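**Student:** First, the structure itself, so that you have it in front of you.
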Number of protein chains: 2
Amino acid sequence: MSFQLKAWSAERLQQVERALSAWVPHKAPAQLGEAMRYAVLDGGKRLRPLLVLAACEAVGGNALAALRAACAVELIHAYSLVHDDMPCMDNDVLRRGKPTVHVQFGEATALLAGDALQALAFELLAPAGSAIPDAVQARLCRLLANAAGHAGMAGGQAIDLAAVGRSLTEAELRHMHRMKTGALLQASVMMGAACGEVDAAATRALDTYGWALGLAFQVVDDILDVTADSATLGKTAGKDAAQEKPTYVSLLGLERARAHSLELLEEARTALAASGLPDTRALLALAEMVVERDN
Amino acid sequence: MSFQLKAWSAERLQQVERALSAWVPHKAPAQLGEAMRYAVLDGGKRLRPLLVLAACEAVGGNALAALRAACAVELIHAYSLVHDDMPCMDNDVLRRGKPTVHVQFGEATALLAGDALQALAFELLAPAGSAIPDAVQARLCRLLANAAGHAGMAGGQAIDLAAVGRSLTEAELRHMHRMKTGALLQASVMMGAACGEVDAAATRALDTYGWALGLAFQVVDDILDVTADSATLGKTAGKDAAQEKPTYVSLLGLERARAHSLELLEEARTALAASGLPDTRALLALAEMVVERDN
């Protein structure tokens with residue numbers, strides 16, 4: 001029988017939502033907790049948490065550590081959206097079909113909520129008195145911090161800022177996306193793997209899979225920005241073109257961008273097949289979902 | 001011979017400056033690295049790094065871990081200033097005698113630089129292939145994340161935001177400052193201690209010392225905001241009153257605020273004396289410096 005991603009995901013999404021709801025504070029001062037919960041709960045595809053859990057299962061890792069890692073990486077993603085939507089960045093008012101955090105709570109609270117979500121991610125990874133080995137905690141902090149920082153997501157956003165209105169080569173565009181969205185998606189995979197013990201071949205394979213999936217995600221994002229409407233996306237469609245941002249579609253055209261996303265899926269599939277891991281069906285199904293999604 | 005804080009500090013400040021200059025990236029994309037370095041280098045009293053190093057020395061801890069912790073806590077402090085100065089928060093244009101980061105680099109880059117500095121703090125604490133034990137890395141990440149997040153600095157800032165124009169009781173004001181500035185100062189002490197092994201009595205003593213010093217710092221800050229000029233402070237003086245922020249001076253008056261800072265110094269001194277640690281002279285001298293400083 002073929003692998004059922006829907007069923008596999010449903011159970012894990014429930015776990016992740018429950019954990020996020022427990023770990024993102026109700027009671028932070030003033031409106032901070034409310035803004036943090038608003039930014040994180042009831043929204044998003046939770047692709048990054050699912051990648052963490054799928055990678056952890058593929059390597060037979062520590063499920064408790066993986067659930068924390070899954071939530072931590074989602075918190076980093078959520079904080080980046082809060083800050084990215086602010087007036088000084090993308091100035092976006094709609095996210096996941098709801099007013100963005102700064103529209104709902106004001107800019108100052110949005111800024112602080114983003115900052116507090118980033119800190120909370122590391123709080124989740126290094127809990128006091130837990131059964132998660134210190135080495136795993138340290139490894140998870142390392143992977144997440146590297147992926148979120150200047151050499152990863154934040155660096156990619158800086159390139160993105162500087163690129164508005166300029167034309168980029170495909171290599172420059174790929175470099176930007178590897179950092180801006182790829183690094184955190186790739187880190188999701190590697191954090192899942194870091195919850196267990198993996199040999200060098202499997203590590204290499206998961207590394208390749210993560211980068212291919214991360215880039216495919218962005219190529220498809222660029223395609224959907226052109227082809228989907230705002231209601232389906234749950235965010236403002238067509239904003240790349242409106243902001244004159246370089247994208248895979250503006251660079252390659254729609255058809256070649258589509259073909260490129262399929263090549264990347266094939267690369268991810270080949271890597272998994274070479275990993276030597278006994279069951280990578282969830283990872284494969286997630287990569288397929290990334291390329292075939294319509295929002 | 002009495003303890004010479006100047007000489008003790010000079011050597012350690014040099015180490016910290018060298019380490020920060022090495023670890024805050026030159027080459028981050030676009031202007032990100034430049035903005036990060038601008039926010040961190042050549043400025044500030046480095047009180048938090050000195051507290052980390054003094055506490056580590058008091059417990060005979062791992063000096064390599066302490067240098068990383070010292071820089072990490074300074075990065076968190078620096079990022080909080082960058083975000084705090086932004087137009088949607090305090091809208092301040094002068095910091096350490098220089099234009100603030102958003103004035104120099106624009107708001108979007110300031111936002112990203114702050115975000116990347118927070119991530120970099122955790123990168124420093126969990127280096128790959130280092131001689132720092134995993135348990136120490138995990139402990140340092142835990143202490144820093146807790147102090148920076150919703151239950152610490154970010155939470156205190158949210159209370160501060162909500163308190164503008166309102167009157168607070170002394171208990172409410174103390175609670176705000178314990179979170180807003182106290183948590184990170186206290187964490188500096190506990191992170192230094194976490195670089196070694198400490199018994200329960202010393203841990204309790206350092207905990208008390210850290211909170212007393214943290215609160216004293218804020219009381220003196222409130223006093224200086226009224227009594228010093230902008231040139232001496234290196235930031236805009238008188239802004240608490242201008243923004244109708246509740247302070248120790250507005251609540252207690254200048255004389256009682258001064259007396260309170262001396263009580264807190266006494267509390268810190270008593271705690272150190274009870275710690276059972278062989279040499280706490282640097283910690284004591286730092287507490288005295290906090291209370292007696294004029295900027």
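A note on labels: chains of the structure tokens are A, B, ... as shown, every chain counts residues from 1, and ligands are counted from 1 in their shown order.
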Enumerate as a CSV table (one decimal) with N, CA and C atoms, in the first residue's frame the residues belonging to chain A that approach chain B to within 6 Å, with only C-alpha atoms taken into account.

**Tutor:**
chain,number,residue,atom,x,y,z
A,28,ALA,N,2.3,36.1,28.9
A,28,ALA,CA,3.4,37.1,28.8
A,28,ALA,C,2.8,38.5,29.0
A,29,PRO,N,3.6,39.4,29.5
A,29,PRO,CA,3.1,40.7,29.9
A,29,PRO,C,2.4,41.5,28.8
A,30,ALA,N,1.6,42.4,29.2
A,30,ALA,CA,0.9,43.3,28.3
A,30,ALA,C,0.3,42.4,27.2
A,88,CYS,N,8.4,48.6,7.6
A,88,CYS,CA,9.7,49.0,7.1
A,88,CYS,C,10.3,47.8,6.3
A,89,MET,N,9.6,46.7,6.2
A,89,MET,CA,10.1,45.6,5.4
A,89,MET,C,9.0,45.5,4.2
A,107,GLU,N,3.0,48.2,15.8
A,107,GLU,CA,4.3,47.8,15.4
A,107,GLU,C,5.2,47.5,16.5
A,108,ALA,N,5.2,48.2,17.6
A,108,ALA,CA,6.1,47.9,18.7
A,108,ALA,C,5.9,46.5,19.3
A,116,ALA,N,10.7,37.9,20.9
A,116,ALA,CA,10.5,37.0,21.9
A,116,ALA,C,10.2,35.5,21.4
A,119,ALA,N,13.7,34.1,20.8
A,119,ALA,CA,14.3,33.6,22.1
A,119,ALA,C,13.6,32.3,22.5
A,122,PHE,N,14.9,29.0,21.2
A,122,PHE,CA,16.0,28.4,21.9
A,122,PHE,C,15.7,27.9,23.3
A,123,GLU,N,14.7,28.6,23.9
A,123,GLU,CA,14.2,28.0,25.2
A,123,GLU,C,13.7,26.6,25.0
A,126,ALA,N,16.5,23.9,24.7
A,126,ALA,CA,17.4,23.7,25.9
A,126,ALA,C,16.6,23.7,27.2
A,134,ASP,N,22.3,16.4,26.6
A,134,ASP,CA,23.0,17.7,26.4
A,134,ASP,C,23.5,17.8,24.9
A,135,ALA,N,24.1,16.7,24.5
A,135,ALA,CA,24.7,16.8,23.1
A,135,ALA,C,23.7,17.1,22.1
A,137,GLN,N,20.8,18.7,22.6
A,137,GLN,CA,20.3,20.1,22.8
A,137,GLN,C,21.3,21.1,22.2
A,138,ALA,N,22.6,20.8,22.4
A,138,ALA,CA,23.6,21.7,21.9
A,138,ALA,C,23.6,21.7,20.3
A,142,ARG,N,22.8,24.8,17.8
A,142,ARG,CA,23.8,25.1,16.8
A,142,ARG,C,23.1,25.2,15.4
A,145,ALA,N,20.5,28.1,15.2
A,145,ALA,CA,21.1,29.5,15.2
A,145,ALA,C,21.8,29.8,13.9
A,149,GLY,N,20.5,32.9,11.3
A,149,GLY,CA,21.3,34.1,11.4
A,149,GLY,C,21.8,34.7,10.1
A,150,HIS,N,22.9,35.4,10.2
A,150,HIS,CA,23.5,36.2,9.1
A,150,HIS,C,23.9,35.3,7.9
A,154,ALA,N,18.4,35.4,8.0
A,154,ALA,CA,18.5,36.9,8.1
A,154,ALA,C,19.4,37.4,7.0
A,155,GLY,N,20.5,36.7,6.6
A,155,GLY,CA,21.4,37.1,5.5
A,155,GLY,C,20.6,37.1,4.2
A,158,ALA,N,18.5,40.1,3.9
A,158,ALA,CA,19.3,41.3,3.6
A,158,ALA,C,19.6,41.4,2.1
A,159,ILE,N,19.9,40.2,1.5
A,159,ILE,CA,20.1,40.2,0.0
A,159,ILE,C,18.8,40.6,-0.7

**Student:** When DSSP works through the backbone of this structure, what residues of segment 10-46 of chain B end up as helix (DSSP H, G or I), shown as a list in words?

**Tutor:**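 Matching residues for helix (DSSP H, G or I) in segment 10-46 of chain B are Ala10, Glu11, Arg12, Leu13, Gln14, Gln15, Val16, Glu17, Arg18, Ala19, Leu20, Ser21, Ala22, Trp23, Leu32, Gly33, Glu34, Ala35, Met36, Arg37, Tyr38, Ala39 and Val40 of chain B.
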
**Student:** Grab the residues selected above and save them as a compact mmCIF listing (two decimals), in the first residue's frame with C-alpha atoms.

**Tutor:**
# COMPACT_ATOMS: atom_id res chain seq x y z
CA ALA B 10 41.27 46.62 30.94
CA GLU B 11 42.70 43.22 30.16
CA ARG B 12 39.30 41.55 29.93
CA LEU B 13 37.77 44.32 27.85
CA GLN B 14 40.56 43.89 25.34
CA GLN B 15 39.78 40.17 25.12
CA VAL B 16 36.07 40.85 24.69
CA GLU B 17 36.59 43.51 22.02
CA ARG B 18 38.94 41.23 20.10
CA ALA B 19 36.51 38.33 20.34
CA LEU B 20 33.51 40.42 19.29
CA SER B 21 35.45 41.81 16.36
CA ALA B 22 36.36 38.29 15.30
CA TRP B 23 32.89 36.80 15.77
CA LEU B 32 23.89 43.39 7.23
CA GLY B 33 27.39 42.70 8.50
CA GLU B 34 28.26 46.37 8.53
CA ALA B 35 25.14 47.19 10.54
CA MET B 36 25.79 44.32 12.98
CA ARG B 37 29.36 45.48 13.57
CA TYR B 38 28.23 49.10 13.90
CA ALA B 39 25.73 48.07 16.57
CA VAL B 40 28.22 46.04 18.59

**Student:** Going by DSSP on the backbone, which residues of segment 64-229 of chain A come out as strand (DSSP E or B)? List them as a PyMOL selection string.

**Tutor:** chain A and resi 94-95+98-99

**Student:** Please list as a list in words every residue within 8 Å of Asn62 of chain A, counting only C-alpha atoms and excluding residues in the same chain fewer than 2 positions away.

**Tutor:** Cys56, Gly60, Leu64, Ala65, Ala66, Ile132, Cys195 and Gly196 of chain A

**Student:** So which residues touch Asp294 of chain B within 10 Å, counting only C-alpha atoms, skipping near sequence neighbours fewer than 3 positions away, as number ranges by chain?

**Tutor:** B: 220-221, 223-224, 227-228, 232-233, 289-291

**Student:** Hey, can you spit out that residue selection with N, CA and C atoms as a PDB file, in the first residue's frame?

**Tutor:**
ATOM      1  N   VAL B 220      20.001  53.462  39.197  1.00  0.00           N
ATOM      2  CA  VAL B 220      21.023  54.460  38.852  1.00  0.00           C
ATOM      3  C   VAL B 220      20.769  55.019  37.451  1.00  0.00           C
ATOM      4  N   ASP B 221      20.325  54.174  36.533  1.00  0.00           N
ATOM      5  CA  ASP B 221      19.976  54.649  35.191  1.00  0.00           C
ATOM      6  C   ASP B 221      18.900  55.723  35.259  1.00  0.00           C
ATOM      7  N   ILE B 223      18.273  57.627  37.791  1.00  0.00           N
ATOM      8  CA  ILE B 223      18.866  58.821  38.411  1.00  0.00           C
ATOM      9  C   ILE B 223      19.668  59.618  37.370  1.00  0.00           C
ATOM     10  N   LEU B 224      20.489  58.893  36.600  1.00  0.00           N
ATOM     11  CA  LEU B 224      21.337  59.576  35.615  1.00  0.00           C
ATOM     12  C   LEU B 224      20.514  60.228  34.515  1.00  0.00           C
ATOM     13  N   THR B 227      19.940  63.499  36.133  1.00  0.00           N
ATOM     14  CA  THR B 227      21.044  64.347  36.623  1.00  0.00           C
ATOM     15  C   THR B 227      22.162  64.562  35.617  1.00  0.00           C
ATOM     16  N   ALA B 228      22.295  63.676  34.620  1.00  0.00           N
ATOM     17  CA  ALA B 228      23.425  63.796  33.695  1.00  0.00           C
ATOM     18  C   ALA B 228      22.978  64.472  32.405  1.00  0.00           C
ATOM     19  N   THR B 232      27.567  63.323  28.472  1.00  0.00           N
ATOM     20  CA  THR B 232      28.140  62.375  29.423  1.00  0.00           C
ATOM     21  C   THR B 232      27.515  60.994  29.244  1.00  0.00           C
ATOM     22  N   LEU B 233      26.205  60.957  29.043  1.00  0.00           N
ATOM     23  CA  LEU B 233      25.509  59.675  28.913  1.00  0.00           C
ATOM     24  C   LEU B 233      25.808  58.988  27.578  1.00  0.00           C
ATOM     25  N   MET B 289      30.892  49.823  40.989  1.00  0.00           N
ATOM     26  CA  MET B 289      30.980  50.644  39.786  1.00  0.00           C
ATOM     27  C   MET B 289      29.580  50.960  39.240  1.00  0.00           C
ATOM     28  N   VAL B 290      28.707  49.969  39.252  1.00  0.00           N
ATOM     29  CA  VAL B 290      27.338  50.172  38.761  1.00  0.00           C
ATOM     30  C   VAL B 290      26.639  51.286  39.545  1.00  0.00           C
ATOM     31  N   VAL B 291      26.845  51.304  40.842  1.00  0.00           N
ATOM     32  CA  VAL B 291      26.140  52.272  41.686  1.00  0.00           C
ATOM     33  C   VAL B 291      26.818  53.645  41.648  1.00  0.00           C
TER      34      VAL B 291
END

**Student:** Report the distance between atom CA of Gly214 of chain A and atom CA of Ala54 of chain A in Å, rounded to one decimal place.

**Tutor:**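 Atom CA of Gly214 of chain A sits 15.1 Å away from atom CA of Ala54 of chain A.
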
**Student:** Using only C-alpha atoms, find each residue in segment 73-188 of chain A having at least one atom no more than 7 Å away from segment 242-262 of chain A; report its shortest atom-to-atom pair and that distance in Å (one decimal), rows by chain then rising number, as CSV.

**Tutor:**
residue,atom,partner,partner_atom,distance
A:Ala163,CA,A:Lys245,CA,7.0
A:Val164,CA,A:Lys245,CA,5.0
A:Gly165,CA,A:Glu244,CA,5.2
A:Ser167,CA,A:Pro246,CA,6.2
A:Leu168,CA,A:Pro246,CA,6.6

**Student:** I need the residues from that last selection saved to file as a PDB file, in the first residue's frame (with N, CA and C atoms), if you can.

**Tutor:**
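Wrote it out as part_39.pdb, contents follow:
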ATOM      1  N   ALA A 163      18.046  43.577  -3.296  1.00  0.00           N
ATOM      2  CA  ALA A 163      17.828  43.152  -4.683  1.00  0.00           C
ATOM      3  C   ALA A 163      16.593  43.762  -5.320  1.00  0.00           C
ATOM      4  N   VAL A 164      15.730  44.383  -4.520  1.00  0.00           N
ATOM      5  CA  VAL A 164      14.494  44.946  -5.072  1.00  0.00           C
ATOM      6  C   VAL A 164      14.830  45.947  -6.181  1.00  0.00           C
ATOM      7  N   GLY A 165      14.213  45.730  -7.336  1.00  0.00           N
ATOM      8  CA  GLY A 165      14.420  46.650  -8.446  1.00  0.00           C
ATOM      9  C   GLY A 165      15.683  46.373  -9.250  1.00  0.00           C
ATOM     10  N   SER A 167      18.262  43.449 -11.270  1.00  0.00           N
ATOM     11  CA  SER A 167      18.143  42.125 -11.870  1.00  0.00           C
ATOM     12  C   SER A 167      19.262  41.243 -11.331  1.00  0.00           C
ATOM     13  N   LEU A 168      18.911  39.994 -11.066  1.00  0.00           N
ATOM     14  CA  LEU A 168      19.884  39.036 -10.549  1.00  0.00           C
ATOM     15  C   LEU A 168      20.099  37.946 -11.581  1.00  0.00           C
TER      16      LEU A 168
END

**Student:** By how many Å are atom CA of Glu74 of chain A and atom CA of Arg48 of chain A apart?

**Tutor:**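 Distance reported for this atom pair: 6.3 Å.
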
**Student:** Identify which of the residues B:Leu213, B:Thr280, B:Val101, B:Leu51 lies closest to Val189 of chain B, counting only C-alpha atoms when measuring atom-to-atom distances.

**Tutor:** B:Leu51
